[in-house]
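Please read the structure below before turning to the comments.
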Amino acid sequence: MASFMPGAYLAEYFATKHYLHAFSEAIAIELEDTGVIVQEVDPGQVATEMTKDFAPAPGVPKADVYVASSLATLGYSQRTLGYWVHGLMWFFSDMTPEWISSKMMTYTGRMNYEHAVEKHRKSS
């Protein structure tokens with residue numbers, strides 16, 4: 001979902017997702033008459049090594065659950081969130097005014113950052 005919005009505290013990560021969205025769309029246009037289908041997968045948070053220090057959150061699938069769900073969406077659309085909870089989250093996020101979404105993303109980013117700092121401080 002990072003390709004849909006800005007993400008404070010994970011700016012580089014979110015920026016790469018914006019790039020991949022533009023890249024995927026451009027490649028899809030280049031290949032539209034070849035029979036090749038380009039599908040972009042835009043996951044929300046997934047329980048992986050990257051997110052192990054994030055604050056606990058509802059609706060975060062383990063990687064194997066996400067992959068199985070995501071694979072089931074292949075071929076149905078040019079862009080997919082790959083997991084029903086992420087789709088539901090995006091549905092509500094898309095209806096929310098941008099300034100509210102931005103504040104929510106900033107709060108979430110800060111909360112995850114502070115949670116990770118505290119977790120590492122305790123383990124040191």
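Identifiers in this document derive from the order of the structure tokens: chains are assigned A, B, ..., residues are numbered from 1 separately in each chain, and ligands are numbered from 1 in order of occurrence.
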
DSSP on the backbone, then: every residue of chain A marked strand (DSSP E), written as a PyMOL selection string.
-> chain A and resi 40-41+79-80

Would you put the residues from that selection into a file with all heavy atoms, as a PDB file, in the first residue's frame?
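Written out: out-v7.pdb:
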ATOM      1  N   GLU A  40       0.950  -5.483 -10.827  1.00  0.00           N
ATOM      2  CA  GLU A  40       1.627  -4.878  -9.671  1.00  0.00           C
ATOM      3  C   GLU A  40       0.975  -5.378  -8.385  1.00  0.00           C
ATOM      4  O   GLU A  40      -0.245  -5.386  -8.259  1.00  0.00           O
ATOM      5  CB  GLU A  40       1.495  -3.362  -9.769  1.00  0.00           C
ATOM      6  CG  GLU A  40       2.088  -2.608  -8.628  1.00  0.00           C
ATOM      7  CD  GLU A  40       1.843  -1.108  -8.768  1.00  0.00           C
ATOM      8  OE1 GLU A  40       1.427  -0.635  -9.834  1.00  0.00           O
ATOM      9  OE2 GLU A  40       2.065  -0.413  -7.763  1.00  0.00           O
ATOM     10  N   VAL A  41       1.787  -5.797  -7.434  1.00  0.00           N
ATOM     11  CA  VAL A  41       1.299  -6.232  -6.127  1.00  0.00           C
ATOM     12  C   VAL A  41       1.738  -5.190  -5.104  1.00  0.00           C
ATOM     13  O   VAL A  41       2.922  -4.899  -4.984  1.00  0.00           O
ATOM     14  CB  VAL A  41       1.846  -7.636  -5.758  1.00  0.00           C
ATOM     15  CG1 VAL A  41       1.348  -8.065  -4.392  1.00  0.00           C
ATOM     16  CG2 VAL A  41       1.459  -8.655  -6.827  1.00  0.00           C
ATOM     17  N   ARG A  79      -3.466  -4.248 -10.879  1.00  0.00           N
ATOM     18  CA  ARG A  79      -2.901  -3.829  -9.597  1.00  0.00           C
ATOM     19  C   ARG A  79      -3.703  -4.491  -8.479  1.00  0.00           C
ATOM     20  O   ARG A  79      -4.925  -4.418  -8.470  1.00  0.00           O
ATOM     21  CB  ARG A  79      -3.003  -2.315  -9.490  1.00  0.00           C
ATOM     22  CG  ARG A  79      -2.168  -1.691  -8.424  1.00  0.00           C
ATOM     23  CD  ARG A  79      -2.216  -0.175  -8.538  1.00  0.00           C
ATOM     24  NE  ARG A  79      -1.203   0.416  -7.689  1.00  0.00           N
ATOM     25  CZ  ARG A  79      -1.137   1.697  -7.403  1.00  0.00           C
ATOM     26  NH1 ARG A  79      -2.014   2.529  -7.903  1.00  0.00           N
ATOM     27  NH2 ARG A  79      -0.187   2.156  -6.631  1.00  0.00           N
ATOM     28  N   THR A  80      -3.011  -5.126  -7.538  1.00  0.00           N
ATOM     29  CA  THR A  80      -3.701  -5.806  -6.449  1.00  0.00           C
ATOM     30  C   THR A  80      -2.997  -5.552  -5.124  1.00  0.00           C
ATOM     31  O   THR A  80      -1.783  -5.357  -5.093  1.00  0.00           O
ATOM     32  CB  THR A  80      -3.775  -7.328  -6.703  1.00  0.00           C
ATOM     33  OG1 THR A  80      -4.438  -7.962  -5.601  1.00  0.00           O
ATOM     34  CG2 THR A  80      -2.394  -7.946  -6.848  1.00  0.00           C
TER      35      THR A  80
END

Do a neighbour search on A:Ala72 at 12 Å with only C-alpha atoms, toss out local chain neighbours closer than 3 positions, and write the hits as a compact mmCIF listing (two decimals) with all heavy atoms, in the first residue's frame.
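That gives us out25.txt:
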# COMPACT_ATOMS: atom_id res chain seq x y z
N VAL A 41 1.79 -5.80 -7.43
CA VAL A 41 1.30 -6.23 -6.13
C VAL A 41 1.74 -5.19 -5.10
O VAL A 41 2.92 -4.90 -4.98
CB VAL A 41 1.85 -7.64 -5.76
CG1 VAL A 41 1.35 -8.06 -4.39
CG2 VAL A 41 1.46 -8.66 -6.83
N VAL A 65 1.00 -16.75 4.46
CA VAL A 65 -0.44 -16.48 4.27
C VAL A 65 -0.61 -15.40 3.21
O VAL A 65 -1.46 -15.52 2.31
CB VAL A 65 -1.09 -16.05 5.61
CG1 VAL A 65 -2.51 -15.56 5.40
CG2 VAL A 65 -1.04 -17.20 6.60
N TYR A 66 0.23 -14.36 3.29
CA TYR A 66 0.14 -13.28 2.31
C TYR A 66 0.46 -13.79 0.90
O TYR A 66 -0.26 -13.49 -0.06
CB TYR A 66 1.06 -12.10 2.64
CG TYR A 66 0.93 -11.04 1.59
CD1 TYR A 66 -0.15 -10.17 1.61
CD2 TYR A 66 1.81 -10.99 0.52
CE1 TYR A 66 -0.34 -9.25 0.60
CE2 TYR A 66 1.62 -10.07 -0.50
CZ TYR A 66 0.55 -9.20 -0.46
OH TYR A 66 0.35 -8.32 -1.47
N VAL A 67 1.51 -14.57 0.78
CA VAL A 67 1.91 -15.07 -0.55
C VAL A 67 0.79 -15.92 -1.16
O VAL A 67 0.45 -15.75 -2.34
CB VAL A 67 3.24 -15.86 -0.47
CG1 VAL A 67 3.50 -16.61 -1.77
CG2 VAL A 67 4.39 -14.92 -0.15
N ALA A 68 0.22 -16.83 -0.38
CA ALA A 68 -0.87 -17.67 -0.90
C ALA A 68 -2.05 -16.82 -1.36
O ALA A 68 -2.61 -17.04 -2.44
CB ALA A 68 -1.31 -18.67 0.16
N SER A 69 -2.41 -15.83 -0.56
CA SER A 69 -3.52 -14.94 -0.90
C SER A 69 -3.19 -14.12 -2.15
O SER A 69 -4.02 -13.98 -3.05
CB SER A 69 -3.82 -14.01 0.26
OG SER A 69 -4.81 -13.08 -0.07
N GLY A 75 -3.72 -12.27 -12.29
CA GLY A 75 -4.51 -12.29 -13.52
C GLY A 75 -5.87 -11.62 -13.44
O GLY A 75 -6.56 -11.52 -14.45
N TYR A 76 -6.28 -11.16 -12.27
CA TYR A 76 -7.61 -10.54 -12.13
C TYR A 76 -7.61 -9.03 -12.33
O TYR A 76 -8.64 -8.45 -12.64
CB TYR A 76 -8.23 -10.89 -10.78
CG TYR A 76 -8.64 -12.34 -10.70
CD1 TYR A 76 -7.87 -13.27 -10.04
CD2 TYR A 76 -9.81 -12.78 -11.33
CE1 TYR A 76 -8.24 -14.60 -9.98
CE2 TYR A 76 -10.18 -14.11 -11.30
CZ TYR A 76 -9.39 -15.02 -10.61
OH TYR A 76 -9.75 -16.33 -10.57
N SER A 77 -6.48 -8.39 -12.10
CA SER A 77 -6.40 -6.95 -12.28
C SER A 77 -4.95 -6.57 -12.50
O SER A 77 -4.04 -7.34 -12.23
CB SER A 77 -6.95 -6.21 -11.05
OG SER A 77 -6.14 -6.45 -9.93
N THR A 80 -3.01 -5.13 -7.54
CA THR A 80 -3.70 -5.81 -6.45
C THR A 80 -3.00 -5.55 -5.12
O THR A 80 -1.78 -5.36 -5.09
CB THR A 80 -3.77 -7.33 -6.70
OG1 THR A 80 -4.44 -7.96 -5.60
CG2 THR A 80 -2.39 -7.95 -6.85
N LEU A 81 -3.77 -5.55 -4.06
CA LEU A 81 -3.20 -5.47 -2.72
C LEU A 81 -2.85 -6.87 -2.22
O LEU A 81 -2.09 -7.03 -1.28
CB LEU A 81 -4.16 -4.77 -1.76
CG LEU A 81 -4.37 -3.30 -2.12
CD1 LEU A 81 -5.56 -2.72 -1.39
CD2 LEU A 81 -3.13 -2.48 -1.83
N GLY A 82 -3.43 -7.89 -2.82
CA GLY A 82 -3.04 -9.26 -2.57
C GLY A 82 -3.62 -9.93 -1.33
O GLY A 82 -3.47 -11.12 -1.15
N TYR A 83 -4.27 -9.17 -0.47
CA TYR A 83 -4.79 -9.74 0.77
C TYR A 83 -6.05 -8.97 1.15
O TYR A 83 -6.06 -7.74 1.13
CB TYR A 83 -3.73 -9.63 1.87
CG TYR A 83 -4.06 -10.31 3.17
CD1 TYR A 83 -4.25 -11.69 3.22
CD2 TYR A 83 -4.17 -9.59 4.34
CE1 TYR A 83 -4.55 -12.32 4.42
CE2 TYR A 83 -4.46 -10.21 5.55
CZ TYR A 83 -4.66 -11.58 5.58
OH TYR A 83 -4.95 -12.20 6.77
N TRP A 84 -7.10 -9.67 1.50
CA TRP A 84 -8.40 -9.02 1.70
C TRP A 84 -8.37 -7.93 2.78
O TRP A 84 -9.04 -6.91 2.64
CB TRP A 84 -9.48 -10.06 1.97
CG TRP A 84 -9.43 -10.68 3.34
CD1 TRP A 84 -8.73 -11.79 3.72
CD2 TRP A 84 -10.09 -10.20 4.50
NE1 TRP A 84 -8.91 -12.04 5.05
CE2 TRP A 84 -9.75 -11.08 5.56
CE3 TRP A 84 -10.94 -9.14 4.78
CZ2 TRP A 84 -10.23 -10.92 6.86
CZ3 TRP A 84 -11.42 -8.97 6.07
CH2 TRP A 84 -11.06 -9.86 7.09

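The list of residues with at least one atom within 12 Å of A:Thr16, based on only C-alpha atoms and without residues fewer than 2 positions apart in the same chain, reads Met1, Ala2, Ser3, Phe4, Met5, Pro6, Gly7, Leu10, Ala11, Glu12, Tyr13, Phe14, His18, Tyr19, Leu20, His21, Ala22, Phe23 and Asp42 of chain A.
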
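Residues in contact with A:His120 at 12 Å, where only C-alpha atoms are counted and same-chain residues fewer than 5 positions away are skipped, are listed as A:Lys52, A:Asp53, A:Phe54, A:Tyr113, A:Glu114, A:His115.
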
Looking only at alpha helix (DSSP H) from DSSP on the backbone, list the matching residues of stretch 5-123 of chain A as JSON, numbers by chain.
-> {"A": [11, 12, 13, 14, 15, 16, 17, 18, 19, 20, 21, 22, 23, 24, 25, 26, 27, 28, 29, 30, 63, 64, 65, 66, 67, 68, 69, 70, 71, 84, 85, 86, 87, 88, 89, 90, 91, 92, 93, 94, 95, 98, 99, 100, 101, 102, 103, 104, 105, 106, 107, 108, 109, 110, 111, 112, 113, 114, 115, 116, 117, 118, 119, 120, 121, 122, 123]}

Nearest to A:His86: which of A:Ser70, A:Thr51, A:Ser24, A:Ser101 is it, counting only C-alpha atoms?
->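 So, comparing all the options, the nearest one is A:Ser70.
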
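Coordinates place atom CA of A:Ala15 at a distance of 18.4 Å from atom CA of A:Ile27.
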
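Taking atom CA of A:Thr73 and atom CA of A:Met104 as the two end points, the separation is 27.9 Å.
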
Interatomic distance (Å, one decimal) between atom CA of A:Ser102 and atom CA of A:Gly44 |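 Separation between atom CA of A:Ser102 and atom CA of A:Gly44: 15.8 Å.
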
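Counting only C-alpha atoms, A:Tyr9 has the following residues at most 8 Å away, ignoring those fewer than 4 positions along the same chain: A:Thr106, A:Gly109, A:Arg110, A:Tyr113.
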
Generate the output file for the selected residues, N, CA, C and O atoms, as an mmCIF file, in the first residue's frame.
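Below is the file that was written, selection-v2.cif:
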data_model
loop_
_atom_site.group_PDB
_atom_site.id
_atom_site.type_symbol
_atom_site.label_atom_id
_atom_site.label_comp_id
_atom_site.auth_asym_id
_atom_site.auth_seq_id
_atom_site.Cartn_x
_atom_site.Cartn_y
_atom_site.Cartn_z
ATOM 1 N N THR A 106 1.564 9.324 9.514
ATOM 2 C CA THR A 106 2.644 9.896 10.320
ATOM 3 C C THR A 106 2.608 9.316 11.730
ATOM 4 O O THR A 106 3.649 8.920 12.276
ATOM 5 N N GLY A 109 3.786 5.686 11.508
ATOM 6 C CA GLY A 109 5.228 5.650 11.284
ATOM 7 C C GLY A 109 6.009 5.983 12.539
ATOM 8 O O GLY A 109 6.972 5.303 12.892
ATOM 9 N N ARG A 110 5.580 7.029 13.234
ATOM 10 C CA ARG A 110 6.250 7.427 14.472
ATOM 11 C C ARG A 110 6.104 6.340 15.535
ATOM 12 O O ARG A 110 7.060 6.008 16.230
ATOM 13 N N TYR A 113 8.430 3.525 14.704
ATOM 14 C CA TYR A 113 9.806 3.958 14.944
ATOM 15 C C TYR A 113 10.122 3.926 16.444
ATOM 16 O O TYR A 113 11.126 3.350 16.866
#

Give the answer as one residue: which of A:Gly35, A:Pro43, A:Pro97, A:Gly87 has the shortest atom-to-atom distance to A:Lys62, using only C-alpha atoms?
->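 The answer is A:Pro43, which sits nearest to A:Lys62.
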